[in-house]
Amino acid sequence: MFRVNQFFYGHPDGLQLPGKIRVTIALTDIFGNHLIFVFYVLYISEFKIVTKEICKLPSFFSPSLFRKIDVNSTGFVTRDAFIDYWVSGKMLTMDMATQIYTILKQPGLKYLSQDDFKPVLRELLATHPGLEFLQSTPEFQERYAETVIYRIYYYINRSGNGCLTLRELKRGNLIDAMLHADEEEDINKVLRYFSYEHFYVIYCKFWELDTDHDFLIDKENLIRYGNHALTYRIVDRIFSQVPRKFTSKVEGKMGYEDFVYFILAEEDKPSEPSLEYWFKCIDLDGNGIITRNEMQFFYEEQLHRMECMAQEPVLFEDILCQILDMIKPEVDSYITLRDLKGSKLSGSVFNILFNLNKFMAFETRDPFLIRQERENPTLTEWDRFAHREYIRLSMEEDVEDASNGSAEVWDESLEAPF
């Protein structure tokens with residue numbers, strides 16, 4: 001499929017020459033296009049053009065690819081070493097997902113860990129024009145990188161075990177998002193995973209709840225989320241770690257990674273990972289189905305809250321009929337995860353059961369939200385939420401700036417956001 005010609009200029013045994021050695025690599029692709037690349041061999045500072053133009057990978061993979069070839073850490077890659085790895089090693093004939101998987105994966109393992117993505121994120125932060133402003137605050141560069149990785153694993157590592165397989169990588173949309181991030185100067189237009197604005201919203205939401213700023217939140221912190229939107233019963237289920245084991249090592253406390261999973265589940269309910277998260281919460285006995293009694297258990301608290309707020313209560317019998325009509329389960333006496341994934345209204349079912357604010361918005365059919373959905377049908381619920389919240393947070397920061405007479409809104413000693 002490919003014809004490869006290499007031309008070494010200089011000494012026939014170029015490795016013994018001091019300094020840089022000029023190399024030309026000519027590739028003829030399957031469409032007959034002649035691609036000729038001339039560069040001075042293969043020091044890491046010049047390697048980006050090889051990564052992007054020859055290997056057709058995102059440019060921020062350059063250090064990872066370089067080090068994969070430079071196994072002895074010499075600081076340079078020879079022409080022969082590159083050809084041996086990329087052509088003889090059959091990388092040239094792999095699809096891009098397999099290439100990326102092979103470059104990032106540790107020897108002897110059959111999966112990618114979160115740490116495997118850190119070098120790629122470091123290079124993105126160091127080189128992307130849309131993230132340049134973060135270079136003076138390395139602690140927030142680290143938070144951004146962590147958040148991107150957590151988002152990747154939330155949506156793509158469907159087994160939830162922290163071990164991202166090649167099959168999961170191929171099934172997801174990460175490769176397209178990486179290519180988009182490499183070409184788009186405005187990082188906020190890369191809505192999948194890499195948007196700085198999305199990171200900012202997640203981190204600020206966590207910061208608002210983490211009142212003592214120990215980077216941990218407890219039940220009483222989480223119950224304040226969304227202006228006390230959630231019921232105590234659903235918060236108890238989250239902290240029982242049924243939908244997902246916490247990575248925090250502190251008893252009764254949720255860490256930042258755990259919060260990222262929670263907020264994505266809460267604000268992107270129609271997505272499959274979110275449906276699985278909340279299904280586990282409502283399925284009290286873990287038997288793989290949601291029964292009438294389980295739904296009633298969670299709805300009871302919603303009903304009580306409506307009564308306390310002097311709102312006209314909606315009886316459970318009416319709610320049950322509404323839910324069954326929305327989901328149309330295969331068996332009327334219970335709902336399965338498959339039933340939920342087959343309905344476009346599944347997210348609203350969970351809001352009915354444990355998020356009063358969203359339940360009320362759904363009941364009143366907020367015309368603003370309906371118009372927003374029609375105008376941008378390709379945006380996810382998460383995209384819309386993050387956009388609204390970023391505007392709100394920015395406006396609040398502007399007001400605080402004006403009242404304080406200073407741009408320094410946050411107490412730097414507490415490592416607050418930006």
# chains A, B, ... in the order shown; residues from 1 in each chain; ligands from 1

call {"tool": "residues_around", "arguments": {"residues": "Leu109 of chain A", "least_positions_apart": "4", "cutoff": "12 Å", "atoms": "only C-alpha atoms", "output": "list in words"}}
result
Tyr101, Thr102, Leu104, Lys105, Ser113, Asp116, Cys163, Leu164, Thr165 and Leu166 of chain A

call {"tool": "select_by_dssp", "arguments": {"residues": "segment 44-267 of chain A", "states": "strand (DSSP E or B)", "output": "list in words"}}
result
Phe76, Leu112, Leu164, Ile217, Leu230 and Met254 of chain A

call {"tool": "write_last_selection", "arguments": {"atoms": "C-alpha atoms", "output": "short mmCIF file (atom, residue, chain, number, x, y, z; two decimals), in the first residue's frame"}}
result
data_model
loop_
_atom_site.label_atom_id
_atom_site.label_comp_id
_atom_site.auth_asym_id
_atom_site.auth_seq_id
_atom_site.Cartn_x
_atom_site.Cartn_y
_atom_site.Cartn_z
CA PHE A 76 17.47 11.98 19.41
CA LEU A 112 -4.47 2.37 29.22
CA LEU A 164 -9.28 1.67 29.08
CA ILE A 217 -16.96 17.01 50.25
CA LEU A 230 -31.42 16.65 45.34
CA MET A 254 -16.12 12.36 48.09
#

call {"tool": "atom_distance", "arguments": {"atom1": "atom CA of Arg244 of chain A", "atom2": "atom CA of Leu264 of chain A"}}
result
12.9 Å

call {"tool": "residues_around", "arguments": {"residues": "Ser45 of chain A", "least_positions_apart": "2", "cutoff": "12 Å", "atoms": "only C-alpha atoms", "output": "list in words"}}
result
Phe39, Tyr40, Val41, Leu42, Tyr43, Phe47, Lys48, Ile49, Val50, Thr51, Ser59, Ser62, Pro63, Phe66, Gly75, Phe76 and Val77 of chain A

call {"tool": "closest_atom_pairs", "arguments": {"of": "segment 209-233 of chain A", "to": "segment 290-298 of chain A", "cutoff": "12 Å", "atoms": "only C-alpha atoms", "output": "JSON lines"}}
result
{"residue": "A:Leu230", "atom": "CA", "partner": "A:Phe298", "partner_atom": "CA", "distance": 10.7}
{"residue": "A:Thr231", "atom": "CA", "partner": "A:Phe298", "partner_atom": "CA", "distance": 8.1}
{"residue": "A:Tyr232", "atom": "CA", "partner": "A:Phe298", "partner_atom": "CA", "distance": 9.4}
{"residue": "A:Arg233", "atom": "CA", "partner": "A:Phe298", "partner_atom": "CA", "distance": 6.6}

call {"tool": "atom_distance", "arguments": {"atom1": "atom CA of Trp382 of chain A", "atom2": "atom CA of Ile319 of chain A"}}
result
25.6 Å

call {"tool": "closest_residue", "arguments": {"among": "A:Thr74, A:Asn221, A:Asn157, A:Asn188", "to": "Ala386 of chain A", "atoms": "only C-alpha atoms"}}
result
A:Asn188

call {"tool": "atom_distance", "arguments": {"atom1": "atom CA of Phe117 of chain A", "atom2": "atom CA of Lys269 of chain A"}}
result
26.3 Å

call {"tool": "closest_residue", "arguments": {"among": "A:Leu275, A:Leu303, A:Leu121, A:Met309", "to": "Leu345 of chain A", "atoms": "only C-alpha atoms"}}
result
A:Leu275

call {"tool": "residues_around", "arguments": {"residues": "Leu353 of chain A", "least_positions_apart": "2", "cutoff": "6 Å", "atoms": "only C-alpha atoms", "output": "list in words"}}
result
Phe298, Tyr299, Phe350 and Asn351 of chain A

call {"tool": "closest_residue", "arguments": {"among": "A:Asp285, A:Asp214, A:Glu123, A:Glu330", "to": "Arg237 of chain A", "atoms": "only C-alpha atoms"}}
result
A:Asp285

call {"tool": "closest_residue", "arguments": {"among": "A:Glu257, A:Asp332, A:Glu183, A:Glu272", "to": "Ala145 of chain A", "atoms": "only C-alpha atoms"}}
result
A:Glu257

call {"tool": "residues_around", "arguments": {"residues": "Trp278 of chain A", "least_positions_apart": "3", "cutoff": "10 Å", "atoms": "only C-alpha atoms", "output": "PDB file with N, CA, C and O atoms, in the first residue's frame"}}
result
ATOM      1  N   ILE A 234     -31.332  10.169  47.697  1.00  0.00           N
ATOM      2  CA  ILE A 234     -30.431   9.907  46.564  1.00  0.00           C
ATOM      3  C   ILE A 234     -28.994  10.224  46.954  1.00  0.00           C
ATOM      4  O   ILE A 234     -28.047   9.539  46.526  1.00  0.00           O
ATOM      5  N   ARG A 237     -27.591   7.312  48.709  1.00  0.00           N
ATOM      6  CA  ARG A 237     -27.223   6.230  47.774  1.00  0.00           C
ATOM      7  C   ARG A 237     -25.879   6.520  47.099  1.00  0.00           C
ATOM      8  O   ARG A 237     -25.062   5.619  46.902  1.00  0.00           O
ATOM      9  N   ILE A 238     -25.650   7.791  46.739  1.00  0.00           N
ATOM     10  CA  ILE A 238     -24.363   8.166  46.138  1.00  0.00           C
ATOM     11  C   ILE A 238     -23.229   7.878  47.112  1.00  0.00           C
ATOM     12  O   ILE A 238     -22.198   7.306  46.747  1.00  0.00           O
ATOM     13  N   VAL A 242     -22.784   2.932  45.736  1.00  0.00           N
ATOM     14  CA  VAL A 242     -23.415   1.923  44.882  1.00  0.00           C
ATOM     15  C   VAL A 242     -23.174   2.211  43.402  1.00  0.00           C
ATOM     16  O   VAL A 242     -22.779   1.310  42.653  1.00  0.00           O
ATOM     17  N   PRO A 243     -23.382   3.465  42.944  1.00  0.00           N
ATOM     18  CA  PRO A 243     -23.169   3.691  41.509  1.00  0.00           C
ATOM     19  C   PRO A 243     -21.703   3.650  41.121  1.00  0.00           C
ATOM     20  O   PRO A 243     -21.362   3.288  40.002  1.00  0.00           O
ATOM     21  N   PHE A 262     -19.993  12.482  39.420  1.00  0.00           N
ATOM     22  CA  PHE A 262     -21.334  12.845  39.870  1.00  0.00           C
ATOM     23  C   PHE A 262     -21.930  13.951  39.004  1.00  0.00           C
ATOM     24  O   PHE A 262     -23.067  13.841  38.525  1.00  0.00           O
ATOM     25  N   ALA A 265     -22.919  12.853  35.610  1.00  0.00           N
ATOM     26  CA  ALA A 265     -24.123  12.019  35.690  1.00  0.00           C
ATOM     27  C   ALA A 265     -25.366  12.886  35.907  1.00  0.00           C
ATOM     28  O   ALA A 265     -26.416  12.662  35.291  1.00  0.00           O
ATOM     29  N   GLU A 266     -25.246  13.894  36.768  1.00  0.00           N
ATOM     30  CA  GLU A 266     -26.393  14.729  37.125  1.00  0.00           C
ATOM     31  C   GLU A 266     -26.798  15.673  35.999  1.00  0.00           C
ATOM     32  O   GLU A 266     -27.986  15.900  35.779  1.00  0.00           O
ATOM     33  N   LYS A 269     -27.926  13.588  32.025  1.00  0.00           N
ATOM     34  CA  LYS A 269     -28.680  12.372  32.340  1.00  0.00           C
ATOM     35  C   LYS A 269     -29.041  11.497  31.145  1.00  0.00           C
ATOM     36  O   LYS A 269     -29.098  10.285  31.279  1.00  0.00           O
ATOM     37  N   PRO A 273     -23.639   6.497  30.209  1.00  0.00           N
ATOM     38  CA  PRO A 273     -22.986   6.354  31.516  1.00  0.00           C
ATOM     39  C   PRO A 273     -23.835   6.911  32.653  1.00  0.00           C
ATOM     40  O   PRO A 273     -23.853   6.355  33.757  1.00  0.00           O
ATOM     41  N   SER A 274     -24.560   7.999  32.378  1.00  0.00           N
ATOM     42  CA  SER A 274     -25.409   8.606  33.406  1.00  0.00           C
ATOM     43  C   SER A 274     -26.612   7.722  33.726  1.00  0.00           C
ATOM     44  O   SER A 274     -26.979   7.547  34.896  1.00  0.00           O
ATOM     45  N   LEU A 275     -27.230   7.158  32.698  1.00  0.00           N
ATOM     46  CA  LEU A 275     -28.362   6.252  32.933  1.00  0.00           C
ATOM     47  C   LEU A 275     -27.927   5.058  33.779  1.00  0.00           C
ATOM     48  O   LEU A 275     -28.661   4.627  34.682  1.00  0.00           O
ATOM     49  N   CYS A 281     -28.437   3.515  41.456  1.00  0.00           N
ATOM     50  CA  CYS A 281     -28.930   4.194  42.664  1.00  0.00           C
ATOM     51  C   CYS A 281     -30.365   3.786  42.996  1.00  0.00           C
ATOM     52  O   CYS A 281     -30.703   3.526  44.155  1.00  0.00           O
ATOM     53  N   ILE A 282     -31.220   3.754  41.973  1.00  0.00           N
ATOM     54  CA  ILE A 282     -32.641   3.488  42.211  1.00  0.00           C
ATOM     55  C   ILE A 282     -32.906   1.998  42.438  1.00  0.00           C
ATOM     56  O   ILE A 282     -33.835   1.625  43.158  1.00  0.00           O
ATOM     57  N   ASP A 283     -32.103   1.145  41.846  1.00  0.00           N
ATOM     58  CA  ASP A 283     -32.243  -0.313  41.995  1.00  0.00           C
ATOM     59  C   ASP A 283     -31.726  -0.725  43.374  1.00  0.00           C
ATOM     60  O   ASP A 283     -30.598  -1.193  43.535  1.00  0.00           O
ATOM     61  N   LEU A 337     -32.713  -1.434  32.560  1.00  0.00           N
ATOM     62  CA  LEU A 337     -31.769  -0.479  31.996  1.00  0.00           C
ATOM     63  C   LEU A 337     -31.942  -0.394  30.478  1.00  0.00           C
ATOM     64  O   LEU A 337     -31.843   0.687  29.886  1.00  0.00           O
ATOM     65  N   GLY A 347     -33.875  10.552  31.184  1.00  0.00           N
ATOM     66  CA  GLY A 347     -33.282  11.505  32.117  1.00  0.00           C
ATOM     67  C   GLY A 347     -34.332  12.210  32.948  1.00  0.00           C
ATOM     68  O   GLY A 347     -34.149  12.445  34.151  1.00  0.00           O
ATOM     69  N   PHE A 350     -35.557  10.231  36.067  1.00  0.00           N
ATOM     70  CA  PHE A 350     -34.725  10.352  37.264  1.00  0.00           C
ATOM     71  C   PHE A 350     -34.928  11.706  37.936  1.00  0.00           C
ATOM     72  O   PHE A 350     -34.932  11.798  39.171  1.00  0.00           O
TER      73      PHE A 350
END

call {"tool": "closest_residue", "arguments": {"among": "A:Asp325, A:Leu209, A:Pro270, A:Lys110", "to": "Lys341 of chain A", "atoms": "only C-alpha atoms"}}
result
A:Pro270
